[in-house]
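Raw final06.txt, compact mmCIF, C-alpha atoms:
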```txt
# COMPACT_ATOMS: atom_id res chain seq x y z
CA GLY A 1 -19.52 -33.07 12.04
CA LEU A 2 -19.49 -29.33 12.41
CA ILE A 3 -22.00 -29.37 15.26
CA GLN A 4 -21.74 -31.28 18.51
CA SER A 5 -25.00 -31.78 20.37
CA GLN A 6 -25.74 -32.86 23.90
CA VAL A 7 -29.33 -33.65 24.83
CA LEU A 8 -30.67 -33.33 28.34
CA GLN A 9 -34.05 -34.89 29.00
CA ASN A 10 -36.34 -35.84 31.85
CA TYR A 11 -37.03 -39.47 32.78
CA ASN A 12 -39.78 -40.03 30.20
CA GLY A 13 -38.30 -37.95 27.36
CA ARG A 14 -41.20 -35.51 27.18
CA PHE A 15 -38.88 -32.60 27.90
CA ARG A 16 -35.65 -32.41 25.94
CA LEU A 17 -33.09 -29.66 25.82
CA ALA A 18 -30.57 -29.84 22.99
CA LEU A 19 -27.37 -27.90 23.47
CA ASN A 20 -25.35 -27.37 20.30
CA ALA A 21 -21.79 -26.12 19.95
CA SER A 22 -19.31 -25.74 17.14
CA ALA A 23 -15.78 -24.41 16.75
CA SER A 24 -16.41 -23.69 13.05
CA PRO A 25 -17.10 -20.04 12.23
CA ASP A 26 -19.26 -21.11 9.28
CA THR A 27 -22.19 -22.72 11.11
CA ALA A 28 -25.54 -20.98 11.30
CA SER A 29 -25.23 -20.90 15.09
CA ASN A 30 -21.91 -19.08 15.01
CA ARG A 31 -23.15 -16.62 12.38
CA PHE A 32 -26.11 -15.96 14.69
CA VAL A 33 -23.73 -15.27 17.62
CA ARG A 34 -21.67 -12.83 15.50
CA GLN A 35 -24.70 -11.06 14.03
CA TYR A 36 -26.58 -10.58 17.30
CA GLY A 37 -23.64 -10.05 19.63
CA GLY A 38 -23.94 -13.17 21.73
CA SER A 39 -25.64 -16.47 22.18
CA GLY A 40 -29.20 -17.00 23.21
CA ILE A 41 -32.22 -19.01 22.33
CA HIS A 42 -32.20 -19.56 18.60
CA HIS A 43 -35.41 -21.55 18.46
CA VAL A 44 -37.88 -23.45 20.59
CA ALA A 45 -39.30 -26.85 19.66
CA LEU A 46 -42.83 -27.69 20.73
CA ARG A 47 -44.38 -31.14 20.73
CA THR A 48 -47.66 -31.96 19.05
CA SER A 49 -49.55 -35.22 18.99
CA ALA A 50 -51.42 -34.28 15.80
CA MET A 51 -49.16 -32.73 13.14
CA ARG A 52 -51.94 -32.68 10.55
CA ASP A 53 -54.17 -30.60 12.82
CA THR A 54 -51.27 -28.43 13.98
CA SER A 55 -50.07 -27.61 10.48
CA ALA A 56 -53.63 -26.90 9.32
CA GLY A 57 -54.16 -24.60 12.31
CA LEU A 58 -50.93 -22.73 11.62
CA ARG A 59 -51.88 -22.32 7.98
CA GLN A 60 -55.37 -21.09 8.92
CA ALA A 61 -53.83 -18.59 11.37
CA GLY A 62 -51.58 -17.25 8.62
CA THR A 63 -48.35 -18.34 10.31
CA PRO A 64 -45.54 -18.20 7.75
CA LEU A 65 -43.92 -21.63 7.52
CA LEU A 66 -40.42 -22.30 6.26
CA PRO A 67 -40.74 -23.41 2.62
CA ILE A 68 -39.03 -26.75 2.01
CA PRO A 69 -37.77 -27.42 -1.54
CA GLY A 70 -39.55 -30.05 -3.61
CA ASN A 71 -36.42 -32.14 -4.13
CA TYR A 72 -36.49 -32.98 -0.40
CA TYR A 73 -39.75 -34.87 -0.92
CA ARG A 74 -38.40 -36.73 -3.95
CA ASP A 75 -35.51 -37.82 -1.72
CA LEU A 76 -37.96 -38.94 0.99
CA ALA A 77 -39.80 -41.05 -1.57
CA ALA A 78 -36.52 -42.78 -2.44
CA ARG A 79 -35.49 -43.32 1.21
CA PHE A 80 -38.77 -44.35 2.84
CA ASP A 81 -41.79 -46.40 1.84
CA LEU A 82 -44.35 -43.63 2.31
CA PRO A 83 -47.71 -43.46 0.51
CA ALA A 84 -47.86 -40.90 -2.30
CA GLN A 85 -50.69 -38.99 -0.62
CA THR A 86 -48.66 -38.73 2.61
CA LEU A 87 -45.70 -37.31 0.69
CA GLN A 88 -48.01 -34.86 -1.08
CA TRP A 89 -49.51 -33.72 2.24
CA MET A 90 -46.04 -33.30 3.77
CA GLN A 91 -44.90 -31.23 0.80
CA GLU A 92 -48.01 -29.02 0.83
CA HIS A 93 -47.54 -28.35 4.57
CA HIS A 94 -43.71 -28.14 4.60
CA ILE A 95 -43.39 -31.17 6.90
CA LEU A 96 -40.02 -32.86 7.28
CA PHE A 97 -39.76 -36.54 8.16
CA ASP A 98 -37.34 -39.03 9.62
CA GLN A 99 -37.54 -42.57 10.92
CA ASP A 100 -35.41 -44.70 13.21
CA GLY A 101 -35.73 -48.21 14.65
CA ASP A 102 -38.19 -46.90 17.27
CA GLY A 103 -40.60 -44.93 15.10
CA ASP A 104 -41.45 -41.90 12.98
CA PHE A 105 -40.70 -38.20 13.37
CA HIS A 106 -42.50 -35.28 11.73
CA GLN A 107 -41.31 -31.70 12.05
CA LEU A 108 -42.05 -28.29 10.65
CA TYR A 109 -40.56 -24.86 11.15
CA THR A 110 -41.94 -21.36 11.16
CA GLN A 111 -40.10 -18.74 9.17
CA PRO A 112 -37.51 -16.90 11.23
CA GLY A 113 -38.83 -13.67 12.68
CA ARG A 114 -37.24 -10.96 14.76
CA GLN A 115 -33.53 -11.63 15.30
CA ALA A 116 -33.78 -14.93 13.40
CA PHE A 117 -35.86 -16.65 16.13
CA PHE A 118 -38.20 -19.42 14.96
CA PHE A 119 -40.34 -22.27 16.25
CA GLU A 120 -40.06 -25.95 15.45
CA LEU A 121 -43.03 -28.25 15.89
CA VAL A 122 -42.42 -31.96 16.27
CA GLN A 123 -44.45 -35.13 16.47
CA ARG A 124 -42.64 -38.20 17.81
CA GLU A 125 -44.10 -41.64 17.38
CA GLY A 126 -41.46 -43.60 19.31
CA TYR A 127 -38.61 -41.82 17.48
CA GLN A 128 -35.61 -41.16 19.73
CA GLY A 129 -33.51 -38.78 17.64
CA LEU A 130 -33.63 -35.05 17.05
CA GLY A 131 -34.24 -35.09 13.30
CA ALA A 132 -30.54 -34.54 12.58
CA PRO A 133 -30.81 -35.73 8.94
CA ASN A 134 -33.14 -32.75 8.35
CA ALA A 135 -30.89 -30.10 9.92
CA PHE A 136 -29.06 -29.36 6.66
CA VAL A 137 -32.38 -29.06 4.82
CA ARG A 138 -33.66 -26.55 7.42
CA VAL A 139 -30.50 -24.46 7.37
CA THR A 140 -30.43 -24.41 3.57
CA ALA A 141 -34.13 -23.44 3.39
CA GLN A 142 -33.54 -20.64 5.92
CA GLN A 143 -30.54 -19.36 3.96
CA ARG A 144 -32.53 -19.47 0.73
CA LEU A 145 -35.39 -17.54 2.36
CA GLU A 146 -32.95 -14.97 3.78
CA ALA A 147 -31.33 -14.49 0.36
CA GLU A 148 -34.75 -14.04 -1.28
CA THR A 149 -35.79 -11.56 1.42
CA ASN A 150 -32.56 -9.57 1.03
CA SER A 151 -32.93 -9.59 -2.75
CA SER A 152 -36.54 -8.35 -2.51
CA ALA A 153 -35.47 -5.61 -0.10
CA GLN A 154 -32.69 -4.51 -2.46
CA ASP A 155 -35.10 -4.51 -5.42
CA ALA A 156 -37.57 -2.38 -3.44
CA ALA A 157 -34.83 0.11 -2.57
CA VAL A 158 -33.88 0.61 -6.22
```
As structure tokens:
Amino acid sequence: GLIQSQVLQNYNGRFRLALNASASPDTASNRFVRQYGGSGIHHVALRTSAMRDTSAGLRQAGTPLLPIPGNYYRDLAARFDLPAQTLQWMQEHHILFDQDGDGDFHQLYTQPGRQAFFFELVQREGYQGLGAPNAFVRVTAQQRLEAETNSSAQDAAV
């Protein structure tokens, strides 16, 4: 792929540090480096043991979450045997999902703020991966949000 990742973690996996690199100039990471004049921390992932409570708390606090397109949830319904009400809840709260042989993974993202920094919140239930199947969805949603923001700013300037 375009991105190569190396994960460093402690003995029990509670702390994980993902290092990503790419030689392609077209990745979001490399655009970030060009735009902000160097590398740095692009985002921080925080673990939660209760995604429902966490997402409700973020919503109540007015934290802007990254909007995930509805077709993602139709795809989830085709890929996984999830109850309809679970899919509806995930869509309403912008939750992404993945599953491996060890368990389930839920994740959500805040909207990028100053200098494109954002938070990721994750709930692992045995899952060993990093949610890689959702990376393209996140990047696409961020690009869509950026394009909408730029379009709104241009409209306001006219």
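Between CA of Leu121 (chain A) and CA of Phe105 (chain A) the separation is 10.5 Å.
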Point to revise | Distance criterion (only C-alpha atoms): nearest to Gly103 (chain A) out of A:Thr86, A:Phe118, A:Glu125, A:Ser24 | key: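 Ranked by minimum distance to Gly103 (chain A), first place goes to A:Glu125.
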Exercise for review: Could you give me, as a ChimeraX atom specification, the residues that sit within 10 Å of (-37.4, -35.2, 14.6) in the file's coordinates, counting all atoms listed in the file?
Suggested key: /A:45,96-100,104-108,120-125,127-135
Exercise for review: Rank A:Gln6, A:Gln115, A:Gln88, A:Asn71 by their smallest atom-to-atom distance to Ala141 (chain A), using only C-alpha atoms, and report the top residue only.
Suggested key: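 So, comparing all the options, the nearest one is A:Asn71.
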Practice item. Would you work out the distance separating CA of Gly57 (chain A) from CA of Val44 (chain A), expressed in Å to one decimal? Key: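 Taking CA of Gly57 (chain A) and CA of Val44 (chain A), their separation equals 18.3 Å.
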Practice item. Take CA of Asn12 (chain A) and CA of Ala50 (chain A) and report the distance between them in Å, one decimal. Key: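 Value for the CA of Asn12 (chain A)-CA of Ala50 (chain A) distance: 19.4 Å.
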Point to revise | Minimum-distance residue to Gln91 (chain A), chosen among A:Pro112, A:Glu146, A:Ile68, A:Arg79 (using only C-alpha atoms) | key: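 Distance minimum relative to Gln91 (chain A) lands on A:Ile68.
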Check your understanding: In terms of the shortest atom-to-atom distance over all atoms listed in the file, which of A:Gln9, A:Ser55, A:Ala61, A:Tyr72 is closest to Phe136 (chain A)?
Key ->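 Ranked by minimum distance to Phe136 (chain A), first place goes to A:Tyr72.
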**Study point:** Exercise: residues within 9 Å of coordinate (-47.6, -21.3, 8.7), counting all atoms listed in the file, as a PyMOL selection string
**Key:** chain A and resi 55-66+93-94+109-111
Point to revise | Residue nearest Thr54 (chain A) among A:Ala116, A:Leu82, A:Val139, A:Ile95 (counting only C-alpha atoms) | key: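 Looking at the shortest contact to Thr54 (chain A), the residue is A:Ile95.
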Where atoms are lacking, region 60-71 of chain A completed to N, CA, C and O atoms, as a PDB file, in the frame of the given file:
```
ATOM      1  N   GLN A  60     -54.139 -21.869   8.778  1.00  0.00           N
ATOM      2  CA  GLN A  60     -55.370 -21.090   8.920  1.00  0.00           C
ATOM      3  C   GLN A  60     -55.097 -19.772   9.657  1.00  0.00           C
ATOM      4  O   GLN A  60     -55.698 -18.747   9.352  1.00  0.00           O
ATOM      5  N   ALA A  61     -54.174 -19.790  10.605  1.00  0.00           N
ATOM      6  CA  ALA A  61     -53.830 -18.590  11.370  1.00  0.00           C
ATOM      7  C   ALA A  61     -52.913 -17.648  10.584  1.00  0.00           C
ATOM      8  O   ALA A  61     -52.625 -16.547  11.046  1.00  0.00           O
ATOM      9  N   GLY A  62     -52.453 -18.091   9.431  1.00  0.00           N
ATOM     10  CA  GLY A  62     -51.580 -17.250   8.620  1.00  0.00           C
ATOM     11  C   GLY A  62     -50.128 -17.241   9.077  1.00  0.00           C
ATOM     12  O   GLY A  62     -49.371 -16.341   8.727  1.00  0.00           O
ATOM     13  N   THR A  63     -49.733 -18.245   9.833  1.00  0.00           N
ATOM     14  CA  THR A  63     -48.350 -18.340  10.310  1.00  0.00           C
ATOM     15  C   THR A  63     -47.438 -18.689   9.139  1.00  0.00           C
ATOM     16  O   THR A  63     -47.656 -19.706   8.481  1.00  0.00           O
ATOM     17  N   PRO A  64     -46.436 -17.879   8.869  1.00  0.00           N
ATOM     18  CA  PRO A  64     -45.540 -18.200   7.750  1.00  0.00           C
ATOM     19  C   PRO A  64     -44.627 -19.374   8.100  1.00  0.00           C
ATOM     20  O   PRO A  64     -43.883 -19.319   9.075  1.00  0.00           O
ATOM     21  N   LEU A  65     -44.724 -20.427   7.312  1.00  0.00           N
ATOM     22  CA  LEU A  65     -43.920 -21.630   7.520  1.00  0.00           C
ATOM     23  C   LEU A  65     -42.706 -21.593   6.606  1.00  0.00           C
ATOM     24  O   LEU A  65     -42.738 -21.007   5.519  1.00  0.00           O
ATOM     25  N   LEU A  66     -41.645 -22.240   7.052  1.00  0.00           N
ATOM     26  CA  LEU A  66     -40.420 -22.300   6.260  1.00  0.00           C
ATOM     27  C   LEU A  66     -40.671 -23.167   5.027  1.00  0.00           C
ATOM     28  O   LEU A  66     -41.007 -24.351   5.159  1.00  0.00           O
ATOM     29  N   PRO A  67     -40.527 -22.606   3.832  1.00  0.00           N
ATOM     30  CA  PRO A  67     -40.740 -23.410   2.620  1.00  0.00           C
ATOM     31  C   PRO A  67     -39.611 -24.413   2.415  1.00  0.00           C
ATOM     32  O   PRO A  67     -38.437 -24.057   2.445  1.00  0.00           O
ATOM     33  N   ILE A  68     -39.991 -25.663   2.220  1.00  0.00           N
ATOM     34  CA  ILE A  68     -39.030 -26.750   2.010  1.00  0.00           C
ATOM     35  C   ILE A  68     -39.015 -27.076   0.518  1.00  0.00           C
ATOM     36  O   ILE A  68     -40.064 -27.247  -0.098  1.00  0.00           O
ATOM     37  N   PRO A  69     -37.834 -27.163  -0.093  1.00  0.00           N
ATOM     38  CA  PRO A  69     -37.770 -27.420  -1.540  1.00  0.00           C
ATOM     39  C   PRO A  69     -38.336 -28.779  -1.931  1.00  0.00           C
ATOM     40  O   PRO A  69     -38.238 -29.750  -1.175  1.00  0.00           O
ATOM     41  N   GLY A  70     -38.914 -28.836  -3.112  1.00  0.00           N
ATOM     42  CA  GLY A  70     -39.550 -30.050  -3.610  1.00  0.00           C
ATOM     43  C   GLY A  70     -38.630 -31.237  -3.728  1.00  0.00           C
ATOM     44  O   GLY A  70     -39.060 -32.391  -3.561  1.00  0.00           O
ATOM     45  N   ASN A  71     -37.335 -31.008  -3.990  1.00  0.00           N
ATOM     46  CA  ASN A  71     -36.420 -32.140  -4.130  1.00  0.00           C
ATOM     47  C   ASN A  71     -36.267 -32.915  -2.822  1.00  0.00           C
ATOM     48  O   ASN A  71     -35.947 -34.100  -2.829  1.00  0.00           O
TER      49      ASN A  71
END
```
